[in-house]
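To be precise, the following lines are upload03.pdb, and they hold PDB, C-alpha atoms.
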```pdb
ATOM      1  CA  GLY A 139       8.593  24.714  18.978
ATOM      2  CA  SER A 140      10.165  26.301  15.928
ATOM      3  CA  LYS A 141      13.155  24.747  14.168
ATOM      4  CA  ALA A 142      16.312  26.350  12.847
ATOM      5  CA  GLY A 143      16.186  26.877   9.099
ATOM      6  CA  PHE A 144      12.494  27.690   9.011
ATOM      7  CA  GLU A 145      11.370  31.219   8.396
ATOM      8  CA  GLU A 146      10.887  33.476  11.382
ATOM      9  CA  GLY A 147       7.643  32.766  13.201
ATOM     10  CA  VAL A 148       7.036  29.301  11.747
ATOM     11  CA  THR A 149       5.872  26.854  14.370
ATOM     12  CA  THR A 150       5.737  23.094  13.967
ATOM     13  CA  VAL A 151       3.319  20.873  15.850
ATOM     14  CA  LYS A 152       3.827  17.111  15.774
ATOM     15  CA  ILE A 153       0.477  15.389  15.148
ATOM     16  CA  CYS A 154       1.643  11.752  14.907
ATOM     17  CA  ASP A 155       4.468   9.481  13.815
ATOM     18  CA  ASP A 156       4.774   7.234  10.804
ATOM     19  CA  GLY A 157       6.849   4.136  10.383
ATOM     20  CA  ILE A 158       8.457   3.188   7.110
ATOM     21  CA  VAL A 159       8.423  -0.552   6.549
ATOM     22  CA  VAL A 160      10.519  -2.543   4.115
ATOM     23  CA  VAL A 161       8.327  -4.960   2.160
ATOM     24  CA  VAL A 162       8.752  -7.849  -0.249
ATOM     25  CA  ASN A 163       6.532 -10.174  -2.227
ATOM     26  CA  LYS A 164       4.694 -12.625   0.031
ATOM     27  CA  ALA A 165       6.467 -15.556  -1.682
ATOM     28  CA  ASN A 166       9.923 -14.115  -0.949
ATOM     29  CA  PRO A 167      11.630 -16.112   1.848
ATOM     30  CA  LEU A 168      13.450 -13.019   3.170
ATOM     31  CA  ASN A 169      12.317 -11.967   6.674
ATOM     32  CA  GLU A 170      14.838  -9.393   7.865
ATOM     33  CA  VAL A 171      17.062  -6.634   6.555
ATOM     34  CA  SER A 172      19.752  -4.327   7.921
ATOM     35  CA  GLY A 173      20.451  -0.699   7.133
ATOM     36  CA  ILE A 174      23.784  -1.544   5.520
ATOM     37  CA  GLU A 175      22.101  -4.156   3.294
ATOM     38  CA  LEU A 176      19.493  -1.582   2.231
ATOM     39  CA  PHE A 177      22.169   1.042   1.556
ATOM     40  CA  ASN A 178      24.148  -1.352  -0.656
ATOM     41  CA  PHE A 179      20.956  -2.598  -2.357
ATOM     42  CA  TYR A 180      19.824   0.907  -3.333
ATOM     43  CA  VAL A 181      23.297   2.281  -4.144
ATOM     44  CA  SER A 182      25.030  -0.651  -5.838
ATOM     45  CA  GLY A 183      22.198  -3.046  -6.616
ATOM     46  CA  ILE A 184      23.707  -5.718  -4.340
ATOM     47  CA  ALA A 185      21.001  -8.346  -3.882
ATOM     48  CA  ILE A 186      19.624  -9.070  -0.436
ATOM     49  CA  SER A 187      19.113 -12.815  -0.659
ATOM     50  CA  SER A 188      16.389 -13.300  -3.297
ATOM     51  CA  ALA A 189      15.531  -9.583  -3.433
ATOM     52  CA  THR A 190      17.155  -8.223  -6.587
ATOM     53  CA  VAL A 191      14.788  -5.466  -7.777
ATOM     54  CA  PRO A 192      14.900  -2.177  -5.815
ATOM     55  CA  VAL A 193      11.552  -0.383  -5.665
ATOM     56  CA  SER A 194      11.445   3.297  -4.751
ATOM     57  CA  ARG A 195       9.105   6.247  -4.701
ATOM     58  CA  GLU A 196       9.637   9.184  -7.044
ATOM     59  CA  ALA A 197      11.882  12.129  -6.207
ATOM     60  CA  GLY A 198       9.992  14.539  -3.976
ATOM     61  CA  SER A 199       8.081  11.800  -2.148
ATOM     62  CA  GLY A 200       8.067  12.399   1.612
ATOM     63  CA  THR A 201       8.405   8.679   2.258
ATOM     64  CA  ARG A 202      11.431   8.532  -0.035
ATOM     65  CA  ASP A 203      13.017  11.595   1.601
ATOM     66  CA  ALA A 204      12.589  10.079   5.071
ATOM     67  CA  PHE A 205      13.826   6.634   3.975
ATOM     68  CA  GLU A 206      16.909   8.107   2.313
ATOM     69  CA  GLY A 207      17.696  10.127   5.429
ATOM     70  CA  LEU A 208      17.329   7.135   7.764
ATOM     71  CA  VAL A 209      19.223   4.449   5.811
ATOM     72  CA  LYS A 210      22.987   4.694   6.273
ATOM     73  CA  ASP A 211      26.111   2.754   5.365
ATOM     74  CA  GLU A 212      28.610   1.396   7.911
ATOM     75  CA  ASN A 213      30.228   4.862   8.158
ATOM     76  CA  GLY A 214      26.962   6.678   8.812
ATOM     77  CA  LYS A 215      26.720   8.100   5.268
ATOM     78  CA  LYS A 216      23.056   8.675   4.419
ATOM     79  CA  LEU A 217      21.459   7.227   1.311
ATOM     80  CA  GLU A 218      20.253  10.734   0.351
ATOM     81  CA  LYS A 219      23.835  11.912  -0.109
ATOM     82  CA  VAL A 220      24.619   9.305  -2.743
ATOM     83  CA  SER A 221      24.379  10.574  -6.309
ATOM     84  CA  ASP A 222      25.097   7.280  -8.082
ATOM     85  CA  ARG A 223      22.284   4.829  -7.532
ATOM     86  CA  ALA A 224      21.395   1.429  -8.849
ATOM     87  CA  SER A 225      18.419   1.825 -11.131
ATOM     88  CA  ALA A 226      15.359   1.360  -8.983
ATOM     89  CA  GLN A 227      11.814   0.905 -10.237
ATOM     90  CA  GLU A 228      10.255   4.250  -9.271
ATOM     91  CA  PHE A 229       6.561   4.739  -8.588
ATOM     92  CA  SER A 230       4.564   7.912  -8.075
ATOM     93  CA  SER A 231       2.235   6.360  -5.494
ATOM     94  CA  THR A 232       2.445   3.892  -2.650
ATOM     95  CA  GLY A 233      -0.402   1.878  -4.161
ATOM     96  CA  THR A 234       1.399   1.284  -7.449
ATOM     97  CA  ALA A 235       4.621   0.360  -5.593
ATOM     98  CA  ILE A 236       2.702  -2.192  -3.487
ATOM     99  CA  THR A 237       1.030  -3.645  -6.584
ATOM    100  CA  TYR A 238       4.401  -4.002  -8.337
ATOM    101  CA  ILE A 239       5.983  -5.721  -5.311
ATOM    102  CA  ALA A 240       2.933  -8.003  -4.960
ATOM    103  CA  GLN A 241       3.476  -9.127  -8.571
ATOM    104  CA  ASN A 242       7.275  -9.444  -8.552
ATOM    105  CA  GLU A 243       8.832 -12.115  -6.330
ATOM    106  CA  ASN A 244      12.255 -10.409  -6.418
ATOM    107  CA  ALA A 245      11.118  -6.863  -5.629
ATOM    108  CA  LEU A 246      11.919  -5.093  -2.352
ATOM    109  CA  GLY A 247      10.687  -1.632  -1.456
ATOM    110  CA  TYR A 248       9.604   0.648   1.362
ATOM    111  CA  ILE A 249       6.203   2.064   2.228
ATOM    112  CA  SER A 250       4.496   3.973   4.985
ATOM    113  CA  LEU A 251       3.336   1.701   7.813
ATOM    114  CA  GLY A 252      -0.118   3.241   7.396
ATOM    115  CA  ALA A 253      -0.300   1.768   3.868
ATOM    116  CA  TYR A 254       0.911  -1.730   4.829
ATOM    117  CA  ASP A 255      -1.479  -4.525   3.847
ATOM    118  CA  PRO A 256      -0.406  -8.051   4.904
ATOM    119  CA  GLN A 257      -2.783  -9.467   2.283
ATOM    120  CA  LYS A 258      -0.624  -7.952  -0.472
ATOM    121  CA  VAL A 259       3.012  -7.819   0.711
ATOM    122  CA  LYS A 260       5.224  -9.056   3.563
ATOM    123  CA  LYS A 261       7.049  -6.661   5.881
ATOM    124  CA  LEU A 262      10.583  -7.374   7.006
ATOM    125  CA  THR A 263      12.167  -6.638  10.342
ATOM    126  CA  PHE A 264      14.728  -3.819  10.250
ATOM    127  CA  GLU A 265      17.856  -4.316  12.361
ATOM    128  CA  GLY A 266      16.015  -7.174  14.092
ATOM    129  CA  VAL A 267      12.984  -5.086  15.120
ATOM    130  CA  GLU A 268       9.469  -5.322  13.682
ATOM    131  CA  GLY A 269       7.902  -2.107  12.401
ATOM    132  CA  THR A 270       4.905  -1.750  14.714
ATOM    133  CA  ALA A 271       3.247   1.235  16.406
ATOM    134  CA  GLU A 272       4.505   0.004  19.787
ATOM    135  CA  ASN A 273       8.121  -0.338  18.578
ATOM    136  CA  ILE A 274       8.002   3.114  16.986
ATOM    137  CA  LYS A 275       6.616   4.637  20.197
ATOM    138  CA  ASN A 276       9.273   2.980  22.365
ATOM    139  CA  GLY A 277      12.047   4.023  19.964
ATOM    140  CA  SER A 278      13.317   0.521  19.151
ATOM    141  CA  TYR A 279      12.245   0.679  15.483
ATOM    142  CA  GLN A 280      14.450   3.215  13.712
ATOM    143  CA  LEU A 281      12.682   3.723  10.361
ATOM    144  CA  ALA A 282      10.241   6.321  11.657
ATOM    145  CA  ARG A 283       9.427   9.965  11.027
ATOM    146  CA  PRO A 284       7.173  12.582  12.576
ATOM    147  CA  PHE A 285       4.188  14.072  10.771
ATOM    148  CA  ASN A 286       3.954  17.772  11.551
ATOM    149  CA  ILE A 287       1.664  20.683  10.867
ATOM    150  CA  LEU A 288       3.522  23.935  10.211
ATOM    151  CA  TYR A 289       2.041  27.379  10.556
ATOM    152  CA  ASN A 290       3.160  30.969  10.850
ATOM    153  CA  ALA A 291       2.739  31.883  14.507
ATOM    154  CA  THR A 292       3.186  35.605  13.760
ATOM    155  CA  LYS A 293      -0.053  35.604  11.756
ATOM    156  CA  ASN A 294      -3.304  34.934  13.552
ATOM    157  CA  LEU A 295      -4.648  31.491  12.771
ATOM    158  CA  SER A 296      -8.251  31.487  11.643
ATOM    159  CA  GLN A 297     -10.745  29.939  14.024
ATOM    160  CA  GLU A 298     -11.155  27.070  11.535
ATOM    161  CA  ALA A 299      -7.406  26.396  11.581
ATOM    162  CA  LYS A 300      -7.309  26.479  15.408
ATOM    163  CA  ASP A 301     -10.305  24.131  15.538
ATOM    164  CA  PHE A 302      -8.664  21.746  13.053
ATOM    165  CA  LEU A 303      -5.383  21.658  14.988
ATOM    166  CA  ASN A 304      -7.231  21.087  18.264
ATOM    167  CA  PHE A 305      -9.296  18.318  16.639
ATOM    168  CA  VAL A 306      -6.219  16.502  15.260
ATOM    169  CA  LEU A 307      -4.618  16.604  18.713
ATOM    170  CA  SER A 308      -7.832  15.579  20.527
ATOM    171  CA  ASP A 309      -8.644  12.013  21.573
ATOM    172  CA  GLU A 310     -11.084  11.766  18.655
ATOM    173  CA  GLY A 311      -8.483  13.030  16.164
ATOM    174  CA  GLN A 312      -5.827  10.673  17.509
ATOM    175  CA  GLU A 313      -8.296   7.761  17.191
ATOM    176  CA  ILE A 314      -8.489   8.543  13.461
ATOM    177  CA  VAL A 315      -4.675   8.667  13.329
ATOM    178  CA  ALA A 316      -4.569   5.136  14.795
ATOM    179  CA  GLU A 317      -7.379   3.849  12.525
ATOM    180  CA  GLU A 318      -5.402   5.034   9.502
ATOM    181  CA  GLY A 319      -2.340   3.052  10.634
ATOM    182  CA  TYR A 320      -0.261   5.894  12.010
ATOM    183  CA  ILE A 321       1.213   6.230  15.490
ATOM    184  CA  THR A 322      -0.571   8.419  18.013
ATOM    185  CA  LEU A 323       1.150  10.970  20.236
TER     186      LEU A 323
END
```
Represent the supplied structure as structure tokens.
Amino acid sequence: GSKAGFEEGVTTVKICDDGIVVVVNKANPLNEVSGIELFNFYVSGIAISSATVPVSREAGSGTRDAFEGLVKDENGKKLEKVSDRASAQEFSSTGTAITYIAQNENALGYISLGAYDPQKVKKLTFEGVEGTAENIKNGSYQLARPFNILYNATKNLSQEAKDFLNFVLSDEGQEIVAEEGYITL
């Protein structure tokens, strides 16, 4: 259905979900993290055990926007509303963020579950729950976001656009979603 705030006639169709996982260097002994720890880490630079270097995506990154909207302090204040931030190492791509974390034992960052590679970095549990497709589907893992396709329903979609949307939502399209590390409908 359409959402408030969008222009008249804009329809959104959820095509899959994505988890955001918190990752550290494989040599880092840290295994779990809480939302409050992440909030304080990114806002004030308060270390989380041996993690002392915050890693972030650049402003405008969808992963960053989702992460900042999902991480809150003990009063429910979202990270996105905080103007003063500890200086984080910012990267313009997930790949460069992963490479940096893989080379820095004290780095901690967040990435899309679809980009997670256990050969390069270690993922932490969030609030005691592992970021897996199953835990995102059952709602127990909270660092998750929908991926949507938006279109103007008042304008006729081309046949190609209809075919694409139907393909993405088909069993074959959802198989590709899963193969790429995202969470099927």
Which residue is closest to Gly157 in chain A? Choose from A:Ser230, A:Asn242, A:Thr201, A:Gln257 and count only C-alpha atoms. A:Thr201
Identify which of the residues A:Glu206, A:Glu212, A:Glu268, A:Glu243 lies closest to Glu175 in chain A, counting all atoms listed in the file when measuring atom-to-atom distances. A:Glu212
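Between CA of Ser231 in chain A and CA of Gln280 in chain A lies a distance of 23.0 Å.
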Non-local contacts of Lys260 in chain A (9 Å; all atoms listed in the file; under 5 positions in same chain excluded) as a list of chain:residue names: A:Val160, A:Val161, A:Val162, A:Asn163, A:Lys164, A:Ala165, A:Asn166, A:Asn169, A:Ala240, A:Tyr254, A:Asp255
Quick check, in Å to one decimal: how far apart do CA of Tyr279 in chain A and CA of Ser225 in chain A lie? 27.3 Å
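CA of Glu218 in chain A is found 25.1 Å from CA of Ile153 in chain A.
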Residues picked by the PyMOL selection byres ((chain A and resi 180) around 9) here, as a count of residues only? 17
Starting from the displayed file, determine the output of the PyMOL selection byres ((chain A and resi 270) around 9) and express the residue list as an MDAnalysis selection string. chainID A and resid 157 159 251 267:269 271:275 279 321
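Every protein or nucleic acid residue with an atom no more than 8 Å from Ile158 in chain A, counting all atoms listed in the file and leaving out same-chain residues fewer than 4 positions away, appears here: Thr201, Phe205, Tyr248, Ile249, Ser250, Leu251, Gly269, Leu281, Ala282 and Arg283 of chain A.
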Go ahead and save the residues from that selection, with C-alpha atoms, as a PDB file, in the frame of the given file.
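Here's the written file result39.pdb:
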```pdb
ATOM      1  CA  THR A 201       8.405   8.679   2.258  1.00  0.00           C
ATOM      2  CA  PHE A 205      13.826   6.634   3.975  1.00  0.00           C
ATOM      3  CA  TYR A 248       9.604   0.648   1.362  1.00  0.00           C
ATOM      4  CA  ILE A 249       6.203   2.064   2.228  1.00  0.00           C
ATOM      5  CA  SER A 250       4.496   3.973   4.985  1.00  0.00           C
ATOM      6  CA  LEU A 251       3.336   1.701   7.813  1.00  0.00           C
ATOM      7  CA  GLY A 269       7.902  -2.107  12.401  1.00  0.00           C
ATOM      8  CA  LEU A 281      12.682   3.723  10.361  1.00  0.00           C
ATOM      9  CA  ALA A 282      10.241   6.321  11.657  1.00  0.00           C
ATOM     10  CA  ARG A 283       9.427   9.965  11.027  1.00  0.00           C
TER      11      ARG A 283
END
```
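Neighbours of range 292-307 of chain A closer than or equal to 10 Å, with all atoms listed in the file counted and sequence neighbours fewer than 6 positions away skipped, come out as A:Glu146, A:Gly147, A:Val148, A:Thr149, A:Val151, A:Lys152, A:Ile153, A:Cys154, A:Glu313, A:Ile314, A:Val315, A:Thr322, A:Leu323.
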Would you output that residue set with C-alpha atoms, as a PDB file, in the coordinates of the input?
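Generated file (again_27.pdb):
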```
ATOM      1  CA  GLU A 146      10.887  33.476  11.382  1.00  0.00           C
ATOM      2  CA  GLY A 147       7.643  32.766  13.201  1.00  0.00           C
ATOM      3  CA  VAL A 148       7.036  29.301  11.747  1.00  0.00           C
ATOM      4  CA  THR A 149       5.872  26.854  14.370  1.00  0.00           C
ATOM      5  CA  VAL A 151       3.319  20.873  15.850  1.00  0.00           C
ATOM      6  CA  LYS A 152       3.827  17.111  15.774  1.00  0.00           C
ATOM      7  CA  ILE A 153       0.477  15.389  15.148  1.00  0.00           C
ATOM      8  CA  CYS A 154       1.643  11.752  14.907  1.00  0.00           C
ATOM      9  CA  GLU A 313      -8.296   7.761  17.191  1.00  0.00           C
ATOM     10  CA  ILE A 314      -8.489   8.543  13.461  1.00  0.00           C
ATOM     11  CA  VAL A 315      -4.675   8.667  13.329  1.00  0.00           C
ATOM     12  CA  THR A 322      -0.571   8.419  18.013  1.00  0.00           C
ATOM     13  CA  LEU A 323       1.150  10.970  20.236  1.00  0.00           C
TER      14      LEU A 323
END
```
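Each of A:Asn244, A:Thr263, A:Thr237, A:Asn213 was checked against Ser172 in chain A using all atoms listed in the file; the smallest atom-to-atom distance is that of A:Thr263.
Considering only C-alpha atoms, the residue among A:Ala204, A:Val209, A:Ala253, A:Ala197 positioned nearest to Phe229 in chain A is A:Ala197.
Counting all atoms listed in the file and comparing A:Leu208, A:Asp309, A:Tyr320, A:Val259, the residue that lies closest to Phe285 in chain A is A:Tyr320.
In terms of minimum interatomic distance to Asn276 in chain A, A:Asp155 ranks closest within A:Asp155, A:Glu228, A:Asp211, A:Glu317, counting all atoms listed in the file.
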